[in-house]
Amino acid sequence: MKISKLLVGLFACTVSLGVYAQQPIVIKFSHVVAGDTPKGKAAEFFAKKAAELTQGKVKVEVYANSTLYKDKEEMEALQLGAVQMLAPSLAKFGPLGVREFEVFDLPYIFDNYDDLHKVTNGPVGKQLLAKLEPKGISGLAFWDNGFKSFSANTPIRMPEDMKGKKIRIQSSKVLEEQVRALKALPQVMAFSEVYQALQTGVVDGTENPISNLYTQKMHEVQKHLTLTDHGYLGYAVIVNKKFWDGLPADVRKQLDEAMVQSTRYANQIAKVENDQSLEAVKKSGRTAIHTPTAAERAAFKKALVPVHKKMESRVGKQTIESVYQATGFNPNAL
Ligand code: LMR
């Protein structure tokens with residue numbers, strides 16, 4: 001009797017050890033946008049690649065649409081180790097104390113994706129990611145979204161049309177200054193709250209790439225959208241450094257490869273996703289879309305490029321100049 005009990009116990013123990021040995025390493029990947037956005041799709045792609053390349057040793061659980069954490073909370077959760085991976089927009093690193101990331105928010109600093117990639121794929125991008133390490137965070141990659149447009153309930157043709165409007169922005173001092181340069185009122189707000197704030201009139205307008213506008217249905221509560229393309233919005237994929245460094249070396253290598261492939265995928269689909277969202281907004285008939293004339297675009301540039309100089313002390317003159325050098329941007333050639 002005693003022996004059979006022992007055998008049963010031993011068997012249970014072996015089984016549970018076996019199960020334990022097969023328990024995957026779980027990576028919780030939290031983000032705030034919809035699943036069918038450039039970031040949402042890239043996060044799912046990474047989850048798939050990670051499972052494939054580690055042969056099931058790693059399970060990435062993706063939590064989209066702020067279901068796990070909102071903007072501010074997710075940064076704290078990453079540092080505490082409650083989640084392991086995030087991809088916050090580059091405009092959300094200021095509150096962490098890494099102000100240099102706000103260089104990406106400077107209006108018109110990138111003309112197109114090619115210029116942007118000269119920074120994100122080059123030494124400047126590397127140096128920026130390295131600034132996260134003292135915060136207990138490792139930066140793995142930059143993922144694209146796209147160029148932002150302004151929306152509101154009244155037409156936006158010229159900078160003056162923004163005057164006095166309450167505009168929702170992300171938590172970036174550069175974006176605050178950008179909105180002030182248009183004599184509008186910046187209102188920092190978590191992404192998850194924007195739709196309702198627009199619907200109830202807490203804010204009058206916002207700025208986002210079209211994929212975010214469309215997938216959050218903001219076009220249903222914004223009558224006018226002007227394709228200003230006045231600034232860039234993209235992401236840094238980040239992990240809790242202690243967690244990442246503590247992974248078995250072979251697993252980390254496989255995940256690094258999964259990230260390389262996911263980054264390629266993310267940056268391939270970003271423009272297409274935004275173009276498709278624009279078509280969908282057009283088709284909805286809910287929002288009047290305006291493409292600025294050359295004169296209107298020039299007026300916005302004239303109003304907004306001085307923000308670069310104003311924010312030198314915030315972002316760092318050297319960081320701004322290193323971006324100018326990488327892209328060839330000349331703030332005086334307007
Ligand atoms: C926003 O808050 O507008 C964006 O950062 C959302 C996102 O992650 O694309």
# chains A, B, ... in the order shown; residues from 1 in each chain; ligands from 1
>>> closest_atom_pairs(of="chain A", to="ligand 1", cutoff="9 Å", atoms="only C-alpha atoms and all ligand atoms", output="JSON lines")
{"residue": "A:His31", "atom": "CA", "partner": "ligand 1", "partner_atom_place_in_ligand_line": "8 (O)", "distance": 6.8}
{"residue": "A:Val32", "atom": "CA", "partner": "ligand 1", "partner_atom_place_in_ligand_line": "8 (O)", "distance": 5.5}
{"residue": "A:Val33", "atom": "CA", "partner": "ligand 1", "partner_atom_place_in_ligand_line": "8 (O)", "distance": 5.5}
{"residue": "A:Ala34", "atom": "CA", "partner": "ligand 1", "partner_atom_place_in_ligand_line": "9 (O)", "distance": 8.9}
{"residue": "A:Thr37", "atom": "CA", "partner": "ligand 1", "partner_atom_place_in_ligand_line": "9 (O)", "distance": 8.5}
{"residue": "A:Pro38", "atom": "CA", "partner": "ligand 1", "partner_atom_place_in_ligand_line": "9 (O)", "distance": 8.7}
{"residue": "A:Lys39", "atom": "CA", "partner": "ligand 1", "partner_atom_place_in_ligand_line": "9 (O)", "distance": 7.3}
{"residue": "A:Asp71", "atom": "CA", "partner": "ligand 1", "partner_atom_place_in_ligand_line": "2 (O)", "distance": 7.3}
{"residue": "A:Ala87", "atom": "CA", "partner": "ligand 1", "partner_atom_place_in_ligand_line": "8 (O)", "distance": 7.4}
{"residue": "A:Pro88", "atom": "CA", "partner": "ligand 1", "partner_atom_place_in_ligand_line": "8 (O)", "distance": 5.6}
{"residue": "A:Ser89", "atom": "CA", "partner": "ligand 1", "partner_atom_place_in_ligand_line": "5 (O)", "distance": 4.5}
{"residue": "A:Leu90", "atom": "CA", "partner": "ligand 1", "partner_atom_place_in_ligand_line": "5 (O)", "distance": 7.6}
{"residue": "A:Ala91", "atom": "CA", "partner": "ligand 1", "partner_atom_place_in_ligand_line": "5 (O)", "distance": 6.9}
{"residue": "A:Lys92", "atom": "CA", "partner": "ligand 1", "partner_atom_place_in_ligand_line": "5 (O)", "distance": 7.2}
{"residue": "A:Asn145", "atom": "CA", "partner": "ligand 1", "partner_atom_place_in_ligand_line": "9 (O)", "distance": 7.2}
{"residue": "A:Arg168", "atom": "CA", "partner": "ligand 1", "partner_atom_place_in_ligand_line": "3 (O)", "distance": 8.5}
{"residue": "A:Ile169", "atom": "CA", "partner": "ligand 1", "partner_atom_place_in_ligand_line": "3 (O)", "distance": 6.9}
{"residue": "A:Gln170", "atom": "CA", "partner": "ligand 1", "partner_atom_place_in_ligand_line": "2 (O)", "distance": 5.2}
{"residue": "A:Ser171", "atom": "CA", "partner": "ligand 1", "partner_atom_place_in_ligand_line": "2 (O)", "distance": 8.1}
{"residue": "A:Met189", "atom": "CA", "partner": "ligand 1", "partner_atom_place_in_ligand_line": "2 (O)", "distance": 7.7}
{"residue": "A:Ala190", "atom": "CA", "partner": "ligand 1", "partner_atom_place_in_ligand_line": "2 (O)", "distance": 6.1}
{"residue": "A:Phe191", "atom": "CA", "partner": "ligand 1", "partner_atom_place_in_ligand_line": "2 (O)", "distance": 4.1}
{"residue": "A:Ser192", "atom": "CA", "partner": "ligand 1", "partner_atom_place_in_ligand_line": "2 (O)", "distance": 7.8}
{"residue": "A:Val194", "atom": "CA", "partner": "ligand 1", "partner_atom_place_in_ligand_line": "3 (O)", "distance": 8.3}
{"residue": "A:Thr206", "atom": "CA", "partner": "ligand 1", "partner_atom_place_in_ligand_line": "3 (O)", "distance": 8.6}
{"residue": "A:Glu207", "atom": "CA", "partner": "ligand 1", "partner_atom_place_in_ligand_line": "3 (O)", "distance": 7.4}
{"residue": "A:Asn208", "atom": "CA", "partner": "ligand 1", "partner_atom_place_in_ligand_line": "3 (O)", "distance": 5.8}
{"residue": "A:Pro209", "atom": "CA", "partner": "ligand 1", "partner_atom_place_in_ligand_line": "9 (O)", "distance": 8.0}
{"residue": "A:Ser211", "atom": "CA", "partner": "ligand 1", "partner_atom_place_in_ligand_line": "9 (O)", "distance": 8.6}
{"residue": "A:Asn212", "atom": "CA", "partner": "ligand 1", "partner_atom_place_in_ligand_line": "9 (O)", "distance": 6.3}
{"residue": "A:Leu213", "atom": "CA", "partner": "ligand 1", "partner_atom_place_in_ligand_line": "3 (O)", "distance": 8.7}
{"residue": "A:Leu233", "atom": "CA", "partner": "ligand 1", "partner_atom_place_in_ligand_line": "9 (O)", "distance": 7.1}
{"residue": "A:Gly234", "atom": "CA", "partner": "ligand 1", "partner_atom_place_in_ligand_line": "9 (O)", "distance": 7.1}
{"residue": "A:Tyr235", "atom": "CA", "partner": "ligand 1", "partner_atom_place_in_ligand_line": "8 (O)", "distance": 7.3}
>>> residues_around(residues="Gly125 in chain A", least_positions_apart="2", cutoff="10 Å", atoms="only C-alpha atoms", output="PDB file with N, CA, C and O atoms, in the first residue's frame")
ATOM      1  N   PHE A 101      14.025  61.434 -27.612  1.00  0.00           N
ATOM      2  CA  PHE A 101      13.099  60.745 -28.522  1.00  0.00           C
ATOM      3  C   PHE A 101      12.108  61.723 -29.155  1.00  0.00           C
ATOM      4  O   PHE A 101      11.530  61.433 -30.195  1.00  0.00           O
ATOM      5  N   LEU A 116      13.305  59.124 -42.960  1.00  0.00           N
ATOM      6  CA  LEU A 116      13.158  58.605 -41.599  1.00  0.00           C
ATOM      7  C   LEU A 116      14.071  57.392 -41.380  1.00  0.00           C
ATOM      8  O   LEU A 116      14.748  57.281 -40.356  1.00  0.00           O
ATOM      9  N   HIS A 117      14.102  56.494 -42.365  1.00  0.00           N
ATOM     10  CA  HIS A 117      14.912  55.270 -42.208  1.00  0.00           C
ATOM     11  C   HIS A 117      16.403  55.567 -42.129  1.00  0.00           C
ATOM     12  O   HIS A 117      17.163  54.769 -41.572  1.00  0.00           O
ATOM     13  N   LYS A 118      16.811  56.700 -42.689  1.00  0.00           N
ATOM     14  CA  LYS A 118      18.235  57.081 -42.550  1.00  0.00           C
ATOM     15  C   LYS A 118      18.574  57.284 -41.076  1.00  0.00           C
ATOM     16  O   LYS A 118      19.704  57.123 -40.656  1.00  0.00           O
ATOM     17  N   VAL A 119      17.574  57.651 -40.310  1.00  0.00           N
ATOM     18  CA  VAL A 119      17.781  57.843 -38.861  1.00  0.00           C
ATOM     19  C   VAL A 119      17.555  56.537 -38.106  1.00  0.00           C
ATOM     20  O   VAL A 119      18.412  56.075 -37.366  1.00  0.00           O
ATOM     21  N   THR A 120      16.400  55.908 -38.339  1.00  0.00           N
ATOM     22  CA  THR A 120      16.067  54.715 -37.537  1.00  0.00           C
ATOM     23  C   THR A 120      16.972  53.526 -37.863  1.00  0.00           C
ATOM     24  O   THR A 120      17.223  52.692 -37.003  1.00  0.00           O
ATOM     25  N   ASN A 121      17.455  53.443 -39.101  1.00  0.00           N
ATOM     26  CA  ASN A 121      18.337  52.321 -39.452  1.00  0.00           C
ATOM     27  C   ASN A 121      19.818  52.665 -39.315  1.00  0.00           C
ATOM     28  O   ASN A 121      20.680  51.848 -39.655  1.00  0.00           O
ATOM     29  N   GLY A 122      20.126  53.859 -38.858  1.00  0.00           N
ATOM     30  CA  GLY A 122      21.528  54.300 -38.813  1.00  0.00           C
ATOM     31  C   GLY A 122      22.038  54.494 -37.390  1.00  0.00           C
ATOM     32  O   GLY A 122      21.379  54.106 -36.416  1.00  0.00           O
ATOM     33  N   PRO A 123      23.214  55.109 -37.269  1.00  0.00           N
ATOM     34  CA  PRO A 123      23.822  55.281 -35.946  1.00  0.00           C
ATOM     35  C   PRO A 123      22.983  56.141 -34.989  1.00  0.00           C
ATOM     36  O   PRO A 123      22.991  55.894 -33.783  1.00  0.00           O
ATOM     37  N   GLN A 127      22.002  55.076 -31.201  1.00  0.00           N
ATOM     38  CA  GLN A 127      22.341  55.891 -30.015  1.00  0.00           C
ATOM     39  C   GLN A 127      21.094  56.205 -29.191  1.00  0.00           C
ATOM     40  O   GLN A 127      21.123  56.211 -27.966  1.00  0.00           O
ATOM     41  N   LEU A 128      19.997  56.463 -29.888  1.00  0.00           N
ATOM     42  CA  LEU A 128      18.759  56.780 -29.165  1.00  0.00           C
ATOM     43  C   LEU A 128      18.274  55.570 -28.364  1.00  0.00           C
ATOM     44  O   LEU A 128      17.933  55.704 -27.188  1.00  0.00           O
ATOM     45  N   LEU A 129      18.297  54.413 -28.970  1.00  0.00           N
ATOM     46  CA  LEU A 129      17.837  53.217 -28.245  1.00  0.00           C
ATOM     47  C   LEU A 129      18.729  52.946 -27.025  1.00  0.00           C
ATOM     48  O   LEU A 129      18.239  52.528 -25.970  1.00  0.00           O
ATOM     49  N   ALA A 130      20.025  53.234 -27.172  1.00  0.00           N
ATOM     50  CA  ALA A 130      20.957  52.984 -26.057  1.00  0.00           C
ATOM     51  C   ALA A 130      20.615  53.833 -24.831  1.00  0.00           C
ATOM     52  O   ALA A 130      20.924  53.458 -23.698  1.00  0.00           O
ATOM     53  N   GLY A 139      15.983  48.636 -26.069  1.00  0.00           N
ATOM     54  CA  GLY A 139      15.283  48.968 -27.308  1.00  0.00           C
ATOM     55  C   GLY A 139      15.700  47.989 -28.390  1.00  0.00           C
ATOM     56  O   GLY A 139      16.885  47.853 -28.679  1.00  0.00           O
ATOM     57  N   ALA A 141      14.002  47.623 -31.684  1.00  0.00           N
ATOM     58  CA  ALA A 141      13.773  48.000 -33.091  1.00  0.00           C
ATOM     59  C   ALA A 141      12.876  49.228 -33.177  1.00  0.00           C
ATOM     60  O   ALA A 141      12.222  49.597 -32.196  1.00  0.00           O
ATOM     61  N   PHE A 142      12.883  49.820 -34.360  1.00  0.00           N
ATOM     62  CA  PHE A 142      11.909  50.877 -34.675  1.00  0.00           C
ATOM     63  C   PHE A 142      10.897  50.295 -35.653  1.00  0.00           C
ATOM     64  O   PHE A 142      11.291  49.670 -36.650  1.00  0.00           O
ATOM     65  N   ALA A 236       9.069  52.483 -30.917  1.00  0.00           N
ATOM     66  CA  ALA A 236      10.260  51.735 -30.509  1.00  0.00           C
ATOM     67  C   ALA A 236       9.751  50.475 -29.824  1.00  0.00           C
ATOM     68  O   ALA A 236       8.920  50.553 -28.910  1.00  0.00           O
ATOM     69  N   VAL A 323      20.080  64.477 -36.711  1.00  0.00           N
ATOM     70  CA  VAL A 323      18.994  64.062 -37.614  1.00  0.00           C
ATOM     71  C   VAL A 323      19.068  64.871 -38.913  1.00  0.00           C
ATOM     72  O   VAL A 323      18.956  64.311 -40.019  1.00  0.00           O
TER      73      VAL A 323
END
>>> closest_atom_pairs(of="range 221-280 of chain A", to="range 147-158 of chain A", cutoff="8 Å", atoms="only C-alpha atoms", output="tab-separated table")
residue	atom	partner	partner_atom	distance
A:Val221	CA	A:Asn153	CA	7.9
A:Gln222	CA	A:Asn153	CA	5.1
A:Lys223	CA	A:Asn153	CA	4.6
A:His224	CA	A:Ala152	CA	5.3
A:Leu225	CA	A:Ser151	CA	4.3
A:Thr226	CA	A:Phe150	CA	5.7
A:Leu227	CA	A:Ser149	CA	5.0
A:Thr228	CA	A:Ser149	CA	4.9
A:Asp229	CA	A:Phe147	CA	4.9
A:His230	CA	A:Lys148	CA	6.0
A:Gly231	CA	A:Lys148	CA	5.4
A:Tyr232	CA	A:Phe147	CA	4.5
A:Leu233	CA	A:Phe147	CA	6.1
>>> select_by_dssp(residues="range 54-293 of chain A", states="strand (DSSP E)", output="PDB file with N, CA and C atoms, in the first residue's frame")
ATOM      1  N   VAL A  58       8.856  29.831 -26.611  1.00  0.00           N
ATOM      2  CA  VAL A  58       8.367  31.154 -26.205  1.00  0.00           C
ATOM      3  C   VAL A  58       6.939  31.351 -26.706  1.00  0.00           C
ATOM      4  N   LYS A  59       6.112  31.853 -25.818  1.00  0.00           N
ATOM      5  CA  LYS A  59       4.735  32.175 -26.202  1.00  0.00           C
ATOM      6  C   LYS A  59       4.543  33.681 -26.004  1.00  0.00           C
ATOM      7  N   VAL A  60       4.280  34.376 -27.106  1.00  0.00           N
ATOM      8  CA  VAL A  60       4.044  35.815 -26.995  1.00  0.00           C
ATOM      9  C   VAL A  60       2.536  36.047 -26.932  1.00  0.00           C
ATOM     10  N   GLU A  61       2.082  36.658 -25.859  1.00  0.00           N
ATOM     11  CA  GLU A  61       0.657  37.001 -25.729  1.00  0.00           C
ATOM     12  C   GLU A  61       0.493  38.479 -26.049  1.00  0.00           C
ATOM     13  N   VAL A  62      -0.241  38.750 -27.112  1.00  0.00           N
ATOM     14  CA  VAL A  62      -0.424  40.152 -27.523  1.00  0.00           C
ATOM     15  C   VAL A  62      -1.740  40.689 -26.953  1.00  0.00           C
ATOM     16  N   TYR A  63      -1.669  41.791 -26.265  1.00  0.00           N
ATOM     17  CA  TYR A  63      -2.862  42.468 -25.734  1.00  0.00           C
ATOM     18  C   TYR A  63      -3.013  43.802 -26.464  1.00  0.00           C
ATOM     19  N   MET A  85       7.098  43.264 -23.009  1.00  0.00           N
ATOM     20  CA  MET A  85       7.362  43.927 -24.297  1.00  0.00           C
ATOM     21  C   MET A  85       6.274  44.937 -24.629  1.00  0.00           C
ATOM     22  N   LEU A  86       6.696  46.065 -25.176  1.00  0.00           N
ATOM     23  CA  LEU A  86       5.778  47.127 -25.615  1.00  0.00           C
ATOM     24  C   LEU A  86       6.302  47.707 -26.923  1.00  0.00           C
ATOM     25  N   ILE A 137      15.456  49.401 -19.572  1.00  0.00           N
ATOM     26  CA  ILE A 137      14.720  49.048 -20.793  1.00  0.00           C
ATOM     27  C   ILE A 137      15.710  48.808 -21.932  1.00  0.00           C
ATOM     28  N   SER A 138      15.488  47.776 -22.726  1.00  0.00           N
ATOM     29  CA  SER A 138      16.299  47.586 -23.933  1.00  0.00           C
ATOM     30  C   SER A 138      15.440  47.872 -25.153  1.00  0.00           C
ATOM     31  N   GLY A 139      15.983  48.636 -26.069  1.00  0.00           N
ATOM     32  CA  GLY A 139      15.283  48.968 -27.308  1.00  0.00           C
ATOM     33  C   GLY A 139      15.700  47.989 -28.390  1.00  0.00           C
ATOM     34  N   LEU A 140      14.729  47.306 -28.985  1.00  0.00           N
ATOM     35  CA  LEU A 140      15.073  46.267 -29.967  1.00  0.00           C
ATOM     36  C   LEU A 140      14.975  46.749 -31.406  1.00  0.00           C
ATOM     37  N   ALA A 141      14.002  47.623 -31.684  1.00  0.00           N
ATOM     38  CA  ALA A 141      13.773  48.000 -33.091  1.00  0.00           C
ATOM     39  C   ALA A 141      12.876  49.228 -33.177  1.00  0.00           C
ATOM     40  N   PHE A 142      12.883  49.820 -34.360  1.00  0.00           N
ATOM     41  CA  PHE A 142      11.909  50.877 -34.675  1.00  0.00           C
ATOM     42  C   PHE A 142      10.897  50.295 -35.653  1.00  0.00           C
ATOM     43  N   TRP A 143       9.635  50.499 -35.364  1.00  0.00           N
ATOM     44  CA  TRP A 143       8.572  50.084 -36.291  1.00  0.00           C
ATOM     45  C   TRP A 143       7.865  51.331 -36.802  1.00  0.00           C
ATOM     46  N   ASP A 144       7.597  51.343 -38.097  1.00  0.00           N
ATOM     47  CA  ASP A 144       6.912  52.488 -38.699  1.00  0.00           C
ATOM     48  C   ASP A 144       5.420  52.465 -38.441  1.00  0.00           C
ATOM     49  N   ASN A 145       4.858  53.676 -38.305  1.00  0.00           N
ATOM     50  CA  ASN A 145       3.443  53.833 -38.629  1.00  0.00           C
ATOM     51  C   ASN A 145       3.434  54.783 -39.815  1.00  0.00           C
ATOM     52  N   GLY A 146       3.221  56.074 -39.569  1.00  0.00           N
ATOM     53  CA  GLY A 146       3.198  56.947 -40.741  1.00  0.00           C
ATOM     54  C   GLY A 146       3.121  58.410 -40.381  1.00  0.00           C
ATOM     55  N   PHE A 147       2.675  59.189 -41.339  1.00  0.00           N
ATOM     56  CA  PHE A 147       2.658  60.643 -41.183  1.00  0.00           C
ATOM     57  C   PHE A 147       1.268  61.097 -40.729  1.00  0.00           C
ATOM     58  N   SER A 149      -2.013  63.527 -39.784  1.00  0.00           N
ATOM     59  CA  SER A 149      -2.873  64.560 -40.352  1.00  0.00           C
ATOM     60  C   SER A 149      -3.734  65.148 -39.250  1.00  0.00           C
ATOM     61  N   PHE A 150      -4.112  66.394 -39.418  1.00  0.00           N
ATOM     62  CA  PHE A 150      -5.005  67.031 -38.454  1.00  0.00           C
ATOM     63  C   PHE A 150      -6.463  66.756 -38.835  1.00  0.00           C
ATOM     64  N   SER A 151      -7.281  66.569 -37.812  1.00  0.00           N
ATOM     65  CA  SER A 151      -8.727  66.451 -38.049  1.00  0.00           C
ATOM     66  C   SER A 151      -9.467  67.337 -37.052  1.00  0.00           C
ATOM     67  N   ALA A 152     -10.684  67.731 -37.434  1.00  0.00           N
ATOM     68  CA  ALA A 152     -11.528  68.574 -36.567  1.00  0.00           C
ATOM     69  C   ALA A 152     -12.948  68.534 -37.113  1.00  0.00           C
ATOM     70  N   LYS A 166      -9.147  72.955 -29.197  1.00  0.00           N
ATOM     71  CA  LYS A 166      -8.522  72.035 -28.232  1.00  0.00           C
ATOM     72  C   LYS A 166      -8.109  70.783 -29.001  1.00  0.00           C
ATOM     73  N   ILE A 167      -6.818  70.541 -29.006  1.00  0.00           N
ATOM     74  CA  ILE A 167      -6.296  69.438 -29.824  1.00  0.00           C
ATOM     75  C   ILE A 167      -5.669  68.367 -28.936  1.00  0.00           C
ATOM     76  N   ARG A 168      -6.149  67.155 -29.072  1.00  0.00           N
ATOM     77  CA  ARG A 168      -5.557  66.058 -28.304  1.00  0.00           C
ATOM     78  C   ARG A 168      -4.190  65.705 -28.894  1.00  0.00           C
ATOM     79  N   ILE A 169      -3.222  65.577 -27.964  1.00  0.00           N
ATOM     80  CA  ILE A 169      -1.884  65.147 -28.377  1.00  0.00           C
ATOM     81  C   ILE A 169      -1.389  64.032 -27.460  1.00  0.00           C
ATOM     82  N   LEU A 185      -4.917  74.806 -28.494  1.00  0.00           N
ATOM     83  CA  LEU A 185      -4.681  74.413 -27.100  1.00  0.00           C
ATOM     84  C   LEU A 185      -4.399  72.915 -27.007  1.00  0.00           C
ATOM     85  N   PRO A 186      -3.160  72.569 -26.626  1.00  0.00           N
ATOM     86  CA  PRO A 186      -2.831  71.142 -26.553  1.00  0.00           C
ATOM     87  C   PRO A 186      -3.461  70.466 -25.351  1.00  0.00           C
ATOM     88  N   GLN A 187      -3.913  69.267 -25.540  1.00  0.00           N
ATOM     89  CA  GLN A 187      -4.521  68.498 -24.457  1.00  0.00           C
ATOM     90  C   GLN A 187      -3.942  67.080 -24.482  1.00  0.00           C
ATOM     91  N   VAL A 188      -3.073  66.786 -23.516  1.00  0.00           N
ATOM     92  CA  VAL A 188      -2.470  65.442 -23.460  1.00  0.00           C
ATOM     93  C   VAL A 188      -3.523  64.456 -22.955  1.00  0.00           C
ATOM     94  N   GLY A 205     -10.285  68.425 -31.837  1.00  0.00           N
ATOM     95  CA  GLY A 205      -9.598  67.765 -32.949  1.00  0.00           C
ATOM     96  C   GLY A 205      -8.407  66.972 -32.460  1.00  0.00           C
ATOM     97  N   THR A 206      -7.706  66.395 -33.407  1.00  0.00           N
ATOM     98  CA  THR A 206      -6.548  65.577 -33.046  1.00  0.00           C
ATOM     99  C   THR A 206      -5.599  65.457 -34.233  1.00  0.00           C
ATOM    100  N   GLU A 207      -4.523  64.693 -34.038  1.00  0.00           N
ATOM    101  CA  GLU A 207      -3.592  64.402 -35.130  1.00  0.00           C
ATOM    102  C   GLU A 207      -3.217  62.937 -34.997  1.00  0.00           C
ATOM    103  N   ASN A 208      -3.154  62.242 -36.099  1.00  0.00           N
ATOM    104  CA  ASN A 208      -2.755  60.833 -36.092  1.00  0.00           C
ATOM    105  C   ASN A 208      -2.536  60.368 -37.519  1.00  0.00           C
ATOM    106  N   HIS A 224     -13.937  66.804 -40.565  1.00  0.00           N
ATOM    107  CA  HIS A 224     -12.926  67.248 -41.529  1.00  0.00           C
ATOM    108  C   HIS A 224     -11.556  66.667 -41.221  1.00  0.00           C
ATOM    109  N   LEU A 225     -10.893  66.277 -42.299  1.00  0.00           N
ATOM    110  CA  LEU A 225      -9.545  65.718 -42.191  1.00  0.00           C
ATOM    111  C   LEU A 225      -8.699  66.376 -43.274  1.00  0.00           C
ATOM    112  N   THR A 226      -7.570  66.950 -42.858  1.00  0.00           N
ATOM    113  CA  THR A 226      -6.685  67.582 -43.839  1.00  0.00           C
ATOM    114  C   THR A 226      -5.366  66.827 -43.867  1.00  0.00           C
ATOM    115  N   TYR A 232       5.727  62.844 -38.003  1.00  0.00           N
ATOM    116  CA  TYR A 232       5.829  61.383 -38.083  1.00  0.00           C
ATOM    117  C   TYR A 232       5.362  60.732 -36.784  1.00  0.00           C
ATOM    118  N   LEU A 233       4.758  59.561 -36.904  1.00  0.00           N
ATOM    119  CA  LEU A 233       4.452  58.747 -35.710  1.00  0.00           C
ATOM    120  C   LEU A 233       4.918  57.316 -35.974  1.00  0.00           C
ATOM    121  N   GLY A 234       5.837  56.864 -35.134  1.00  0.00           N
ATOM    122  CA  GLY A 234       6.324  55.480 -35.233  1.00  0.00           C
ATOM    123  C   GLY A 234       6.633  54.973 -33.844  1.00  0.00           C
ATOM    124  N   TYR A 235       7.229  53.801 -33.764  1.00  0.00           N
ATOM    125  CA  TYR A 235       7.358  53.109 -32.482  1.00  0.00           C
ATOM    126  C   TYR A 235       8.779  52.625 -32.202  1.00  0.00           C
ATOM    127  N   ALA A 236       9.069  52.483 -30.917  1.00  0.00           N
ATOM    128  CA  ALA A 236      10.260  51.735 -30.509  1.00  0.00           C
ATOM    129  C   ALA A 236       9.751  50.475 -29.824  1.00  0.00           C
ATOM    130  N   VAL A 237      10.234  49.341 -30.293  1.00  0.00           N
ATOM    131  CA  VAL A 237       9.865  48.088 -29.630  1.00  0.00           C
ATOM    132  C   VAL A 237      10.832  47.915 -28.466  1.00  0.00           C
ATOM    133  N   ILE A 238      10.273  47.799 -27.273  1.00  0.00           N
ATOM    134  CA  ILE A 238      11.127  47.785 -26.080  1.00  0.00           C
ATOM    135  C   ILE A 238      10.792  46.599 -25.175  1.00  0.00           C
ATOM    136  N   VAL A 239      11.803  46.173 -24.426  1.00  0.00           N
ATOM    137  CA  VAL A 239      11.611  45.053 -23.495  1.00  0.00           C
ATOM    138  C   VAL A 239      12.189  45.414 -22.130  1.00  0.00           C
ATOM    139  N   ASN A 240      11.694  44.712 -21.123  1.00  0.00           N
ATOM    140  CA  ASN A 240      12.278  44.829 -19.792  1.00  0.00           C
ATOM    141  C   ASN A 240      13.682  44.225 -19.877  1.00  0.00           C
ATOM    142  N   ALA A 288     -15.008  64.844 -44.598  1.00  0.00           N
ATOM    143  CA  ALA A 288     -14.519  65.518 -45.813  1.00  0.00           C
ATOM    144  C   ALA A 288     -12.996  65.547 -45.761  1.00  0.00           C
ATOM    145  N   ILE A 289     -12.360  65.079 -46.819  1.00  0.00           N
ATOM    146  CA  ILE A 289     -10.896  64.997 -46.818  1.00  0.00           C
ATOM    147  C   ILE A 289     -10.323  66.074 -47.731  1.00  0.00           C
ATOM    148  N   HIS A 290      -9.402  66.823 -47.180  1.00  0.00           N
ATOM    149  CA  HIS A 290      -8.793  67.898 -47.964  1.00  0.00           C
ATOM    150  C   HIS A 290      -7.301  67.656 -48.135  1.00  0.00           C
TER     151      HIS A 290
END
>>> closest_residue(among="A:Ser284, A:Ser313, A:Gln178, A:Gln79", to="Phe300 in chain A", atoms="only C-alpha atoms")
A:Gln178
>>> closest_residue(among="A:Val305, A:Leu255, A:Met218, A:Met311", to="Asn332 in chain A", atoms="only C-alpha atoms")
A:Val305
>>> closest_residue(among="A:Asp245, A:Asp256, A:Asp114, A:Glu102", to="Lys49 in chain A", atoms="only C-alpha atoms")
A:Asp256
>>> atom_distance(atom1="CA of Leu68 in chain A", atom2="CA of Ser30 in chain A")
6.4 Å
>>> atom_distance(atom1="CA of Thr54 in chain A", atom2="CA of Lys131 in chain A")
28.8 Å
>>> closest_residue(among="A:Leu334, A:Val315, A:Leu80, A:Val281", to="Phe104 in chain A", atoms="only C-alpha atoms")
A:Val315
>>> residues_around(residues="Leu182 in chain A", least_positions_apart="6", cutoff="8 Å", atoms="only C-alpha atoms", output="PyMOL selection string")
chain A and resi 159-160+162-163+303-304
>>> closest_residue(among="A:Leu78, A:Val26, A:Ala280, A:Ala51", to="Lys242 in chain A", atoms="only C-alpha atoms")
A:Leu78
